[in-house]
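Working notes, beginning with the structure itself.
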Amino acid sequence: MPDTLTRVSFERFCKVFEHPKFTPDGWFIALDGEQWIGISTIGPTDKDPPTFYTGLTGVLAAYRRRGIATAMKLCGIAFAEARGGRFIETSNEENNPMLDLNRALGFEQRPAWLDFHKKF
């Protein structure tokens with residue numbers, strides 16, 4: 001993303017849990033003992049036919065290339081299918097290894113959009 005990454009407060013992050021579309025059952029957390037090592041989220045959209053959106057999927061660097069992200073994404077796919085989902089959408093940065101994983105899981109690329117920003 002072209003914008004500068006900024007940290008948000010814990011309180012602001014917790015607002016996610018108050019959103020009417022928050023789906024706690026669609027959050028998959030990978031653990032090593034009690035340490036969180038990965039997360040993948042998925043939830044419904046307002047689209048018809050029933051469509052889900054898989055958002056952030058990430059694994060701590062020390063745990064990558066072990067199939068953890070794949071396992072979490074497969075849990076998300078099963079979650080959407082069990083709830084009548086017909087489609088799952090996601091987005092990727094073109095140089096992120098997650099792009100290859102999404103392709104391997106059957107996601108098909110669609111033409112990209114360019115966002116424009118004019119500063120006054």
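By convention in this document, the chains of the structure tokens carry letters A, B, ... by their order, each chain's residues are numbered from 1, and ligands are numbered from 1 in the order they are shown.
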
Extract the full set of helix (DSSP H, G or I) residues from chain A according to DSSP on the backbone, and format it as a VMD selection string. chain A and resid 10 to 18 24 to 26 61 to 63 68 to 82 98 to 104

Those residues with N, CA and C atoms, as a CSV table (one decimal), in the first residue's frame please?
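Saved to again.csv:
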```
chain,number,residue,atom,x,y,z
A,10,PHE,N,-4.7,-0.2,21.0
A,10,PHE,CA,-5.4,-1.4,21.3
A,10,PHE,C,-6.9,-1.2,21.4
A,11,GLU,N,-7.3,0.0,21.9
A,11,GLU,CA,-8.7,0.3,22.1
A,11,GLU,C,-9.3,0.4,20.7
A,12,ARG,N,-8.6,1.1,19.8
A,12,ARG,CA,-9.2,1.2,18.4
A,12,ARG,C,-9.2,-0.2,17.7
A,13,PHE,N,-8.2,-1.0,17.9
A,13,PHE,CA,-8.2,-2.3,17.3
A,13,PHE,C,-9.4,-3.1,17.8
A,14,CYS,N,-9.8,-3.0,19.1
A,14,CYS,CA,-10.9,-3.7,19.7
A,14,CYS,C,-12.2,-3.3,19.1
A,15,LYS,N,-12.3,-2.2,18.4
A,15,LYS,CA,-13.5,-1.8,17.8
A,15,LYS,C,-14.0,-2.8,16.7
A,16,VAL,N,-13.0,-3.6,16.2
A,16,VAL,CA,-13.3,-4.6,15.2
A,16,VAL,C,-14.3,-5.6,15.8
A,17,PHE,N,-14.2,-5.9,17.1
A,17,PHE,CA,-15.1,-6.9,17.7
A,17,PHE,C,-16.5,-6.3,17.9
A,18,GLU,N,-16.7,-5.0,17.7
A,18,GLU,CA,-18.0,-4.4,17.9
A,18,GLU,C,-18.8,-4.3,16.6
A,24,PRO,N,-16.6,-14.1,14.9
A,24,PRO,CA,-15.5,-14.7,15.6
A,24,PRO,C,-15.2,-16.2,15.2
A,25,ASP,N,-16.2,-16.9,14.8
A,25,ASP,CA,-15.9,-18.3,14.3
A,25,ASP,C,-15.1,-18.3,13.0
A,26,GLY,N,-14.9,-17.2,12.4
A,26,GLY,CA,-14.2,-17.1,11.2
A,26,GLY,C,-12.7,-16.6,11.4
A,61,ALA,N,7.5,-15.1,11.2
A,61,ALA,CA,8.6,-15.4,10.3
A,61,ALA,C,9.2,-16.8,10.7
A,62,ALA,N,9.5,-17.0,11.9
A,62,ALA,CA,10.1,-18.2,12.4
A,62,ALA,C,9.3,-19.5,12.1
A,63,TYR,N,8.0,-19.3,11.8
A,63,TYR,CA,7.1,-20.5,11.6
A,63,TYR,C,6.7,-20.6,10.2
A,68,ILE,N,1.4,-23.8,7.8
A,68,ILE,CA,0.5,-23.2,8.8
A,68,ILE,C,-0.5,-22.3,8.1
A,69,ALA,N,-0.1,-21.4,7.3
A,69,ALA,CA,-1.0,-20.5,6.6
A,69,ALA,C,-2.0,-21.3,5.7
A,70,THR,N,-1.5,-22.4,5.0
A,70,THR,CA,-2.3,-23.2,4.2
A,70,THR,C,-3.4,-23.8,5.0
A,71,ALA,N,-3.0,-24.4,6.2
A,71,ALA,CA,-4.0,-25.0,7.1
A,71,ALA,C,-5.1,-24.0,7.5
A,72,MET,N,-4.7,-22.8,7.9
A,72,MET,CA,-5.7,-21.8,8.3
A,72,MET,C,-6.6,-21.4,7.2
A,73,LYS,N,-6.0,-21.2,6.0
A,73,LYS,CA,-6.8,-20.8,4.8
A,73,LYS,C,-7.8,-21.9,4.5
A,74,LEU,N,-7.4,-23.2,4.6
A,74,LEU,CA,-8.3,-24.3,4.3
A,74,LEU,C,-9.4,-24.4,5.3
A,75,CYS,N,-9.1,-24.0,6.6
A,75,CYS,CA,-10.2,-23.9,7.6
A,75,CYS,C,-11.2,-22.8,7.2
A,76,GLY,N,-10.7,-21.7,6.7
A,76,GLY,CA,-11.6,-20.6,6.3
A,76,GLY,C,-12.4,-21.0,5.1
A,77,ILE,N,-11.9,-21.8,4.1
A,77,ILE,CA,-12.6,-22.2,3.0
A,77,ILE,C,-13.7,-23.2,3.5
A,78,ALA,N,-13.4,-24.1,4.3
A,78,ALA,CA,-14.4,-25.0,4.9
A,78,ALA,C,-15.5,-24.2,5.7
A,79,PHE,N,-15.1,-23.2,6.4
A,79,PHE,CA,-16.0,-22.4,7.1
A,79,PHE,C,-17.0,-21.7,6.2
A,80,ALA,N,-16.5,-21.1,5.1
A,80,ALA,CA,-17.4,-20.5,4.1
A,80,ALA,C,-18.4,-21.5,3.5
A,81,GLU,N,-17.8,-22.6,3.1
A,81,GLU,CA,-18.7,-23.6,2.4
A,81,GLU,C,-19.8,-24.1,3.3
A,82,ALA,N,-19.4,-24.3,4.6
A,82,ALA,CA,-20.4,-24.8,5.6
A,82,ALA,C,-21.5,-23.8,5.8
A,98,MET,N,2.0,-14.9,-0.3
A,98,MET,CA,0.6,-15.3,-0.2
A,98,MET,C,-0.1,-15.4,-1.5
A,99,LEU,N,0.3,-14.7,-2.5
A,99,LEU,CA,-0.3,-14.7,-3.8
A,99,LEU,C,-0.1,-16.1,-4.4
A,100,ASP,N,1.0,-16.8,-4.2
A,100,ASP,CA,1.2,-18.1,-4.7
A,100,ASP,C,0.3,-19.1,-4.0
A,101,LEU,N,0.2,-18.9,-2.7
A,101,LEU,CA,-0.7,-19.8,-1.9
A,101,LEU,C,-2.1,-19.6,-2.3
A,102,ASN,N,-2.6,-18.4,-2.5
A,102,ASN,CA,-4.0,-18.2,-3.0
A,102,ASN,C,-4.2,-18.9,-4.3
A,103,ARG,N,-3.3,-18.8,-5.2
A,103,ARG,CA,-3.4,-19.4,-6.5
A,103,ARG,C,-3.5,-21.0,-6.3
A,104,ALA,N,-2.6,-21.5,-5.5
A,104,ALA,CA,-2.6,-22.9,-5.2
A,104,ALA,C,-3.9,-23.4,-4.6
```

For the interface of range 88-120 of chain A with range 38-48 of chain A (cut-off 12 Å, counting only C-alpha atoms), please tabulate each contacting residue of range 88-120 of chain A alongside its nearest pair of atoms and their separation in Å to one decimal, rows sorted by chain and increasing number, as a tab-separated table.
```
residue	atom	partner	partner_atom	distance
A:Ile88	CA	A:Ile42	CA	8.8
A:Glu89	CA	A:Ile42	CA	9.5
A:Thr90	CA	A:Ile42	CA	9.3
A:Met98	CA	A:Ser40	CA	11.7
```

Saved selection, atoms kept: N, CA and C atoms, as a PDB file, in the first residue's frame:
```
ATOM      1  N   ILE A  88     -15.363 -16.883  -2.482  1.00  0.00           N
ATOM      2  CA  ILE A  88     -14.494 -16.249  -1.494  1.00  0.00           C
ATOM      3  C   ILE A  88     -13.618 -15.272  -2.252  1.00  0.00           C
ATOM      4  N   GLU A  89     -13.536 -14.067  -1.738  1.00  0.00           N
ATOM      5  CA  GLU A  89     -12.683 -13.042  -2.332  1.00  0.00           C
ATOM      6  C   GLU A  89     -11.552 -12.705  -1.366  1.00  0.00           C
ATOM      7  N   THR A  90     -10.457 -12.239  -1.925  1.00  0.00           N
ATOM      8  CA  THR A  90      -9.335 -11.771  -1.123  1.00  0.00           C
ATOM      9  C   THR A  90      -8.547 -10.793  -1.968  1.00  0.00           C
ATOM     10  N   MET A  98       1.957 -14.882  -0.333  1.00  0.00           N
ATOM     11  CA  MET A  98       0.576 -15.326  -0.172  1.00  0.00           C
ATOM     12  C   MET A  98      -0.132 -15.417  -1.521  1.00  0.00           C
TER      13      MET A  98
END
```

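Taking CA of Phe116 in chain A and CA of Asp3 in chain A as the two end points, the separation is 12.3 Å.
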
Using only C-alpha atoms, the residue out of A:Phe120, A:Pro20, A:Pro97, A:Leu114 with shortest distance to Gly58 in chain A is A:Pro97

Between A:Leu60, A:Leu5, A:Phe52, A:Phe87, which has the minimum distance to Ala30 in chain A (counting only C-alpha atoms)? A:Leu60

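For the pair CA of Thr4 in chain A and CA of His117 in chain A, the interatomic distance is 14.3 Å.
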
Return as number ranges by chain the full set of residues in range 18-117 of chain A whose backbone-based DSSP assignment is strand (DSSP E). A: 27-32, 35-44, 51-59, 87-89

In terms of only C-alpha atoms, the residue from A:His19, A:Arg7, A:Arg86, A:Arg110 at minimal distance from Thr51 in chain A is A:Arg86

Select, from A:Gly106, A:Pro111, A:Gly55, A:Gly67, the residue with the minimum atom-to-atom distance to Thr23 in chain A, counting only C-alpha atoms. A:Gly55
